[in-house]
Each structure stands twice: as structure tokens, then as C-alpha cells.
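Okay, so here's the structure we're looking at.
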Amino acid sequence: MIDLSGRVAIVTGAGGGLGRAHALLLAERGARVVVNDLGAGAEAVVAEIVAAGGQARAAIGSVSDEAFVQAMVADALQAWGRVDILVNNAGMLRDKSFAKMDLADFRAVLDVHLMGAAICSKAVWETMRAQAYGRIVMTTSSSGLFGNFGQANYAAAKMGLVGLAQTLALEGAKYGIRVNCLAPTAATRMMEGILPEAQLAKLRPELVSPALLALVCDEAPTRAIVAAGAGSFELVHVTLTRGLHLGDAPATAEDLLAQWQALSDREGDTVPAEGFDQARHELRKGGFEFPSA
């Protein structure tokens, strides 16, 4: 039984939908929760948690506002002395095909999803390092991982979060900080009008939150990308195929295209432990060893 008693969690975008489900579950398991959102929904979720016997505080403001985020973290530290868990869940949509998308809409989505997560993570980072414990979850998306028509801005932000999580997991490892990604499929306000009601009914946010709990507990993995929805769970990996070595002399594009099928062969593909593993892999095929990190 996962017990979060004594832990302090910040959940962004938690005034409804997925964030609310996360906050309620964390509180149910004993965490004291900072519920962040832009509107009165945050206070309503706090009231739910308190009515159920838990402890929670509302923080109303935007994750893209650095001064607000710093104040939110400072308030949590003053009230409860620590911050153990950060769930970067806040988000927004401004969907259009790329041809019709204004760059202001592109920036706005990146500011909330990607920069918002970076701002919040930076605000808790030194506290987590000092206490030698931290759990951070980035909310990525199948749109970022696999692409989705009309969501170039959202997809770019969501895949950017994967890169952020990969690096923070490496940098935080020796300080007891574990960083993961959650790719949810849930019926939230952002999903309205996209799927029929019958399917939305199968995508209740609370069916995703168990994956979130697994990613923030003491036994959590790190650098995992967990997909979750409708009671199903999957792991997503960024892999490297065995590939080809076409000689030390510069290969031509024609050579590469002629052997594209072999290049694409997924048998024996690997999940690199860090970015330098690509260079090690390529040099090894040429008969050389890349120096260890």
C-alpha cells in the first residue's frame, strides 16, 4: 500500500479533470497537496480534500508566471517545510493546422506546457536536491510522441517535455530525484468535441491517476514514459535501431535510401541510456569505442 503521509505535492492545472483526479488520489494516500489552477476550481478541489480529512492549499495563478510559481513554492515550504512531488499537469489547447496557425498561438501553448513545466521544476529543484528526495512528473501526450493533425504547437511542447524529463532524470539521479512522463488519455475539457460521448465515458480521469501515483511514490522508476487511459497502461520508449555502417568514406544519400529497409529493421533496437549512446553506437559499428562518460 503506497503511503504518502508526510509528503508534500504540488499539482498544477488541478482545478478539474485530470489534475483534480491526481490531487484527490495523492491526498487520499496521505500527501499534503498544493492545488494550482487559474480559477476557483482550485479552491473547490481544496474543499473536497479538506472535507475528506486531508490537507490542501489553493494556489491560483499561471505556471508561466515565474514570480507566481516562486511564491507558490515558498508558501508550500513555509506551511509544510518541504516539497516532495511536483506534477506538471497544467495545459491548454489552441488547435489549428500549421498552415492556419498564428505563431502567437504556437508560443502560447509552449509557454504553458513546456516553459510552465520548466519554471515549476526549477522552482522546486534546489529544495529537492537539498532534501535528497524528489519526484517530478511531466504530462506528455500521444500527440507529441506520435504526432497529431492540427496540433503542431501542442505536439512540439509535449515532446519537448520528454527531452526535459530525460535530462532532469540524469541530473537529479544522485540527489534522489526521479523524473518521469505520463501520457494520459482522459476525458477532460480539452477533449470535449473530439470524441463521442460514449467513448469519453470510458476515459474517466481517475482511471489514469494510478499511473501518476506509481510515478511519484518512494519506489517510483525514473525516465519512464507511461501511457494510460481507459484502464490500460503502456510503456513508451525512444529507441535506436542497429542501423548500418556504410564505411568511413562519406556515404551518399542514394546509398542510404537503397538500404532503407535494413536501416528500419527494429530487431535488436535499443533504448539509449543517454544522448552520448548514439555516438558510442555509431563508433562501435566502425570498430571504435567511444570513451565512457
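A note on labels: chains of the C-alpha cells are A, B, ... as shown, every chain counts residues from 1, and ligands are counted from 1 in their shown order.
Residues in contact range of Arg7 (chain A), defined as at most 9 Å between only C-alpha atoms, with sequence neighbours fewer than 2 positions away removed, read Leu4, Ser5, Ala9, Gly30, Ala31, Arg32, Val33, Arg82, Val83, Asp84 and Ile85 of chain A.
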>> Need the shell around Met1 (chain A): protein/DNA/RNA residues with any atom at most 12 Å away, counting only C-alpha atoms. Skip same-chain ones fewer than 5 positions apart. Format as a list in words?
In response: Glu28, Arg29, Gly30, Leu213, Ala214, Cys217, Asp218 and Glu219 of chain A
> Excluding same-chain residues fewer than 4 positions from region 139-150 of chain A, what lies within 6 Å of it counting only C-alpha atoms, as a count of residues only?
Replying inline: 10
> So how far away is CA of Gly91 (chain A) from CA of Ala14 (chain A), in Å?
Replying inline: 10.2 Å
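Using only C-alpha atoms, the shortest contact distance between Glu274 (chain A) and any of A:Thr167, A:Asn153, A:Asn88, A:Ser121 is found at A:Thr167.
Residues lying within 9 Å of Leu168 (chain A), counting only C-alpha atoms and ignoring same-chain neighbours fewer than 3 positions away, are Gly163, Leu164, Ala165, Glu171, Gly172, Ala173, Ile177, Arg178, Val179 and Arg223 of chain A.
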The selected residues should be written to file as an mmCIF file, in the first residue's frame (atoms: all heavy atoms).
```
data_model
loop_
_atom_site.group_PDB
_atom_site.id
_atom_site.type_symbol
_atom_site.label_atom_id
_atom_site.label_comp_id
_atom_site.auth_asym_id
_atom_site.auth_seq_id
_atom_site.Cartn_x
_atom_site.Cartn_y
_atom_site.Cartn_z
ATOM 1 N N GLY A 163 12.089 15.401 -23.571
ATOM 2 C CA GLY A 163 13.506 15.724 -23.508
ATOM 3 C C GLY A 163 13.895 16.354 -22.184
ATOM 4 O O GLY A 163 14.952 16.042 -21.613
ATOM 5 N N LEU A 164 13.043 17.234 -21.674
ATOM 6 C CA LEU A 164 13.301 17.852 -20.375
ATOM 7 C C LEU A 164 13.356 16.792 -19.280
ATOM 8 O O LEU A 164 14.263 16.787 -18.437
ATOM 9 C CB LEU A 164 12.214 18.883 -20.077
ATOM 10 C CG LEU A 164 12.284 19.587 -18.724
ATOM 11 C CD1 LEU A 164 13.572 20.368 -18.571
ATOM 12 C CD2 LEU A 164 11.069 20.512 -18.544
ATOM 13 N N ALA A 165 12.405 15.883 -19.299
ATOM 14 C CA ALA A 165 12.366 14.829 -18.277
ATOM 15 C C ALA A 165 13.579 13.908 -18.368
ATOM 16 O O ALA A 165 14.159 13.529 -17.343
ATOM 17 C CB ALA A 165 11.082 14.015 -18.421
ATOM 18 N N GLU A 171 20.294 14.336 -14.352
ATOM 19 C CA GLU A 171 20.924 15.308 -13.460
ATOM 20 C C GLU A 171 20.470 15.147 -12.015
ATOM 21 O O GLU A 171 21.209 15.487 -11.083
ATOM 22 C CB GLU A 171 20.628 16.728 -13.952
ATOM 23 C CG GLU A 171 21.276 17.051 -15.287
ATOM 24 C CD GLU A 171 21.067 18.494 -15.715
ATOM 25 O OE1 GLU A 171 20.473 19.289 -14.942
ATOM 26 O OE2 GLU A 171 21.510 18.839 -16.836
ATOM 27 N N GLY A 172 19.268 14.637 -11.817
ATOM 28 C CA GLY A 172 18.747 14.509 -10.464
ATOM 29 C C GLY A 172 19.031 13.191 -9.789
ATOM 30 O O GLY A 172 18.776 13.041 -8.585
ATOM 31 N N ALA A 173 19.574 12.223 -10.527
ATOM 32 C CA ALA A 173 19.705 10.862 -10.005
ATOM 33 C C ALA A 173 20.486 10.797 -8.699
ATOM 34 O O ALA A 173 20.073 10.130 -7.742
ATOM 35 C CB ALA A 173 20.354 9.964 -11.059
ATOM 36 N N ILE A 177 16.313 12.384 -6.926
ATOM 37 C CA ILE A 177 15.200 12.960 -7.678
ATOM 38 C C ILE A 177 14.902 12.065 -8.868
ATOM 39 O O ILE A 177 15.791 11.786 -9.683
ATOM 40 C CB ILE A 177 15.527 14.385 -8.170
ATOM 41 C CG1 ILE A 177 15.888 15.282 -6.985
ATOM 42 C CG2 ILE A 177 14.345 14.965 -8.946
ATOM 43 C CD1 ILE A 177 16.415 16.654 -7.393
ATOM 44 N N ARG A 178 13.677 11.606 -8.971
ATOM 45 C CA ARG A 178 13.259 10.754 -10.084
ATOM 46 C C ARG A 178 12.241 11.515 -10.925
ATOM 47 O O ARG A 178 11.323 12.124 -10.385
ATOM 48 C CB ARG A 178 12.675 9.437 -9.564
ATOM 49 C CG ARG A 178 13.682 8.659 -8.714
ATOM 50 C CD ARG A 178 13.148 7.346 -8.190
ATOM 51 N NE ARG A 178 14.078 6.760 -7.236
ATOM 52 C CZ ARG A 178 13.877 5.625 -6.586
ATOM 53 N NH1 ARG A 178 12.745 4.936 -6.783
ATOM 54 N NH2 ARG A 178 14.779 5.167 -5.735
ATOM 55 N N VAL A 179 12.438 11.470 -12.233
ATOM 56 C CA VAL A 179 11.633 12.271 -13.148
ATOM 57 C C VAL A 179 11.056 11.365 -14.224
ATOM 58 O O VAL A 179 11.794 10.601 -14.865
ATOM 59 C CB VAL A 179 12.478 13.392 -13.787
ATOM 60 C CG1 VAL A 179 11.588 14.326 -14.603
ATOM 61 C CG2 VAL A 179 13.242 14.184 -12.720
ATOM 62 N N ARG A 223 12.862 8.107 -15.557
ATOM 63 C CA ARG A 223 12.982 8.169 -17.016
ATOM 64 C C ARG A 223 11.961 7.275 -17.721
ATOM 65 O O ARG A 223 12.160 6.877 -18.857
ATOM 66 C CB ARG A 223 14.387 7.817 -17.494
ATOM 67 C CG ARG A 223 15.456 8.814 -17.092
ATOM 68 C CD ARG A 223 16.772 8.510 -17.761
ATOM 69 N NE ARG A 223 16.685 8.767 -19.198
ATOM 70 C CZ ARG A 223 17.546 8.277 -20.097
ATOM 71 N NH1 ARG A 223 18.524 7.473 -19.705
ATOM 72 N NH2 ARG A 223 17.412 8.572 -21.360
#
```
All residues 12 Å or closer to Ala67 (chain A), only C-alpha atoms, same chain fewer than 4 positions away omitted, as a JSON list (two decimals) with all heavy atoms, in the first residue's frame:
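Generated output (part.json):
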```json
[["chain", "number", "residue", "atom", "x", "y", "z"],
["A", 61, "GLY", "N", -3.09, 30.89, -10.06],
["A", 61, "GLY", "CA", -2.20, 31.66, -10.92],
["A", 61, "GLY", "C", -1.66, 30.80, -12.04],
["A", 61, "GLY", "O", -1.92, 29.59, -12.12],
["A", 62, "SER", "N", -0.90, 31.42, -12.94],
["A", 62, "SER", "CA", -0.39, 30.74, -14.13],
["A", 62, "SER", "C", 1.02, 30.19, -13.91],
["A", 62, "SER", "O", 1.89, 30.87, -13.36],
["A", 62, "SER", "CB", -0.35, 31.71, -15.31],
["A", 62, "SER", "OG", 0.31, 31.12, -16.42],
["A", 63, "VAL", "N", 1.24, 28.97, -14.38],
["A", 63, "VAL", "CA", 2.56, 28.36, -14.27],
["A", 63, "VAL", "C", 3.58, 29.05, -15.17],
["A", 63, "VAL", "O", 4.79, 28.84, -15.02],
["A", 63, "VAL", "CB", 2.50, 26.86, -14.61],
["A", 63, "VAL", "CG1", 1.68, 26.10, -13.58],
["A", 63, "VAL", "CG2", 1.99, 26.62, -16.03],
["A", 71, "ALA", "N", 6.45, 32.13, -5.59],
["A", 71, "ALA", "CA", 5.65, 32.40, -4.39],
["A", 71, "ALA", "C", 4.86, 31.16, -3.97],
["A", 71, "ALA", "O", 4.71, 30.89, -2.77],
["A", 71, "ALA", "CB", 4.71, 33.57, -4.65],
["A", 72, "MET", "N", 4.34, 30.40, -4.94],
["A", 72, "MET", "CA", 3.59, 29.17, -4.64],
["A", 72, "MET", "C", 4.48, 28.16, -3.91],
["A", 72, "MET", "O", 4.06, 27.56, -2.90],
["A", 72, "MET", "CB", 3.06, 28.57, -5.94],
["A", 72, "MET", "CG", 2.40, 27.21, -5.77],
["A", 72, "MET", "SD", 1.67, 26.58, -7.32],
["A", 72, "MET", "CE", 3.15, 26.28, -8.33],
["A", 73, "VAL", "N", 5.69, 28.00, -4.39],
["A", 73, "VAL", "CA", 6.62, 27.05, -3.76],
["A", 73, "VAL", "C", 7.03, 27.56, -2.38],
["A", 73, "VAL", "O", 7.08, 26.79, -1.41],
["A", 73, "VAL", "CB", 7.84, 26.81, -4.66],
["A", 73, "VAL", "CG1", 8.89, 25.97, -3.93],
["A", 73, "VAL", "CG2", 7.42, 26.12, -5.96],
["A", 74, "ALA", "N", 7.31, 28.85, -2.28],
["A", 74, "ALA", "CA", 7.68, 29.43, -0.98],
["A", 74, "ALA", "C", 6.57, 29.26, 0.05],
["A", 74, "ALA", "O", 6.83, 28.97, 1.23],
["A", 74, "ALA", "CB", 8.03, 30.91, -1.15],
["A", 116, "GLY", "N", 6.11, 26.39, -18.67],
["A", 116, "GLY", "CA", 5.47, 26.27, -17.36],
["A", 116, "GLY", "C", 6.05, 25.12, -16.56],
["A", 116, "GLY", "O", 6.33, 25.27, -15.36],
["A", 119, "ILE", "N", 9.60, 26.13, -15.49],
["A", 119, "ILE", "CA", 9.56, 27.12, -14.41],
["A", 119, "ILE", "C", 9.23, 26.44, -13.08],
["A", 119, "ILE", "O", 9.88, 26.69, -12.05],
["A", 119, "ILE", "CB", 8.54, 28.22, -14.74],
["A", 119, "ILE", "CG1", 9.06, 29.10, -15.88],
["A", 119, "ILE", "CG2", 8.22, 29.06, -13.50],
["A", 119, "ILE", "CD1", 8.02, 30.02, -16.47],
["A", 120, "CYS", "N", 8.23, 25.58, -13.08],
["A", 120, "CYS", "CA", 7.84, 24.89, -11.84],
["A", 120, "CYS", "C", 8.94, 23.93, -11.37],
["A", 120, "CYS", "O", 9.24, 23.85, -10.16],
["A", 120, "CYS", "CB", 6.54, 24.13, -12.05],
["A", 120, "CYS", "SG", 5.09, 25.17, -12.25],
["A", 123, "ALA", "N", 11.74, 25.83, -9.84],
["A", 123, "ALA", "CA", 11.37, 26.40, -8.54],
["A", 123, "ALA", "C", 11.50, 25.41, -7.40],
["A", 123, "ALA", "O", 11.72, 25.81, -6.24],
["A", 123, "ALA", "CB", 9.95, 26.96, -8.61]]
```
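The residue set within 8 Å of Leu215 (chain A), counting only C-alpha atoms and dropping same-chain residues fewer than 6 places from it, reads Arg135, Val137, Asn180, Pro221 and Thr222 of chain A.
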How about saving the chosen residues, N, CA, C and O atoms kept, as a PDB file, in the first residue's frame?
```
ATOM      1  N   ARG A 135      10.227  13.870  -6.624  1.00  0.00           N
ATOM      2  CA  ARG A 135       9.517  13.152  -7.690  1.00  0.00           C
ATOM      3  C   ARG A 135       8.851  14.196  -8.589  1.00  0.00           C
ATOM      4  O   ARG A 135       8.048  15.010  -8.110  1.00  0.00           O
ATOM      5  N   VAL A 137       6.790  14.703 -12.328  1.00  0.00           N
ATOM      6  CA  VAL A 137       6.124  14.067 -13.464  1.00  0.00           C
ATOM      7  C   VAL A 137       5.749  15.144 -14.477  1.00  0.00           C
ATOM      8  O   VAL A 137       5.125  16.145 -14.139  1.00  0.00           O
ATOM      9  N   ASN A 180       9.760  11.456 -14.426  1.00  0.00           N
ATOM     10  CA  ASN A 180       9.064  10.586 -15.373  1.00  0.00           C
ATOM     11  C   ASN A 180       8.055  11.374 -16.192  1.00  0.00           C
ATOM     12  O   ASN A 180       7.753  12.533 -15.884  1.00  0.00           O
ATOM     13  N   PRO A 221       9.957   4.476 -10.607  1.00  0.00           N
ATOM     14  CA  PRO A 221      11.075   4.367 -11.554  1.00  0.00           C
ATOM     15  C   PRO A 221      11.580   5.768 -11.883  1.00  0.00           C
ATOM     16  O   PRO A 221      11.128   6.759 -11.291  1.00  0.00           O
ATOM     17  N   THR A 222      12.504   5.868 -12.794  1.00  0.00           N
ATOM     18  CA  THR A 222      12.889   7.163 -13.327  1.00  0.00           C
ATOM     19  C   THR A 222      13.124   7.029 -14.818  1.00  0.00           C
ATOM     20  O   THR A 222      13.446   5.946 -15.313  1.00  0.00           O
TER      21      THR A 222
END
```
Nearby residues (only C-alpha atoms) at most 9 Å from Asp37 (chain A), same-chain spacing under 5 positions excluded, as a CSV table (one decimal) with N, CA, C and O atoms, in the first residue's frame:
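Saved as around.csv:
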```csv
chain,number,residue,atom,x,y,z
A,11,VAL,N,0.4,20.1,-7.5
A,11,VAL,CA,-0.2,19.6,-8.8
A,11,VAL,C,-0.7,20.8,-9.5
A,11,VAL,O,-1.6,21.5,-9.0
A,12,THR,N,-0.2,21.0,-10.7
A,12,THR,CA,-0.6,22.2,-11.5
A,12,THR,C,-1.8,21.8,-12.4
A,12,THR,O,-2.0,20.7,-12.7
A,13,GLY,N,-2.6,22.8,-12.7
A,13,GLY,CA,-3.8,22.6,-13.5
A,13,GLY,C,-4.7,21.6,-12.9
A,13,GLY,O,-5.3,20.7,-13.5
A,14,ALA,N,-4.9,21.7,-11.5
A,14,ALA,CA,-5.6,20.7,-10.8
A,14,ALA,C,-7.0,21.2,-10.4
A,14,ALA,O,-7.7,20.5,-9.5
A,15,GLY,N,-7.6,22.2,-11.0
A,15,GLY,CA,-8.9,22.7,-10.7
A,15,GLY,C,-10.0,21.8,-11.2
A,15,GLY,O,-11.2,22.0,-10.9
A,16,GLY,N,-9.7,20.9,-12.1
A,16,GLY,CA,-10.7,20.0,-12.7
A,16,GLY,C,-10.0,18.9,-13.5
A,16,GLY,O,-8.8,18.9,-13.6
A,42,ALA,N,-9.6,25.5,-8.2
A,42,ALA,CA,-8.6,25.1,-7.2
A,42,ALA,C,-9.1,25.1,-5.8
A,42,ALA,O,-8.9,24.1,-5.1
A,43,GLU,N,-9.9,26.1,-5.5
A,43,GLU,CA,-10.4,26.2,-4.1
A,43,GLU,C,-11.5,25.1,-3.9
A,43,GLU,O,-11.6,24.6,-2.8
A,58,ALA,N,-4.8,26.1,-1.9
A,58,ALA,CA,-5.0,26.6,-3.2
A,58,ALA,C,-3.9,27.6,-3.6
A,58,ALA,O,-3.5,28.3,-2.8
A,59,ALA,N,-3.5,27.5,-4.9
A,59,ALA,CA,-2.6,28.4,-5.5
A,59,ALA,C,-3.1,28.8,-6.8
A,59,ALA,O,-3.0,28.1,-7.8
A,60,ILE,N,-3.7,30.0,-6.9
A,60,ILE,CA,-4.4,30.5,-8.1
A,60,ILE,C,-3.5,31.4,-8.9
A,60,ILE,O,-3.1,32.5,-8.5
A,61,GLY,N,-3.1,30.9,-10.1
A,61,GLY,CA,-2.2,31.7,-10.9
A,61,GLY,C,-1.7,30.8,-12.0
A,61,GLY,O,-1.9,29.6,-12.1
A,62,SER,N,-0.9,31.4,-12.9
A,62,SER,CA,-0.4,30.7,-14.1
A,62,SER,C,1.0,30.2,-13.9
A,62,SER,O,1.9,30.9,-13.4
A,63,VAL,N,1.2,29.0,-14.4
A,63,VAL,CA,2.6,28.4,-14.3
A,63,VAL,C,3.6,29.1,-15.2
A,63,VAL,O,4.8,28.8,-15.0
A,90,ALA,N,-0.6,21.3,-15.9
A,90,ALA,CA,-1.3,22.5,-16.5
A,90,ALA,C,-1.1,22.5,-18.0
A,90,ALA,O,0.0,22.2,-18.5
```
>> Residues of region 62-284 of chain A classed as strand (DSSP E or B) by DSSP on the backbone are to be reported as a ChimeraX atom specification.
In response: /A:85-88,96,134-139,151,177-185,225-229,232-235,240,270
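Closest to Val69 (chain A) among A:Arg266, A:Lys100, A:His22, A:Lys122 is A:Lys122, based on only C-alpha atoms.
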>> When you count only C-alpha atoms, which of these residues is closest to Gly54 (chain A): A:Leu283, A:Leu77, A:Ala157, A:Leu26?
In response: A:Leu26
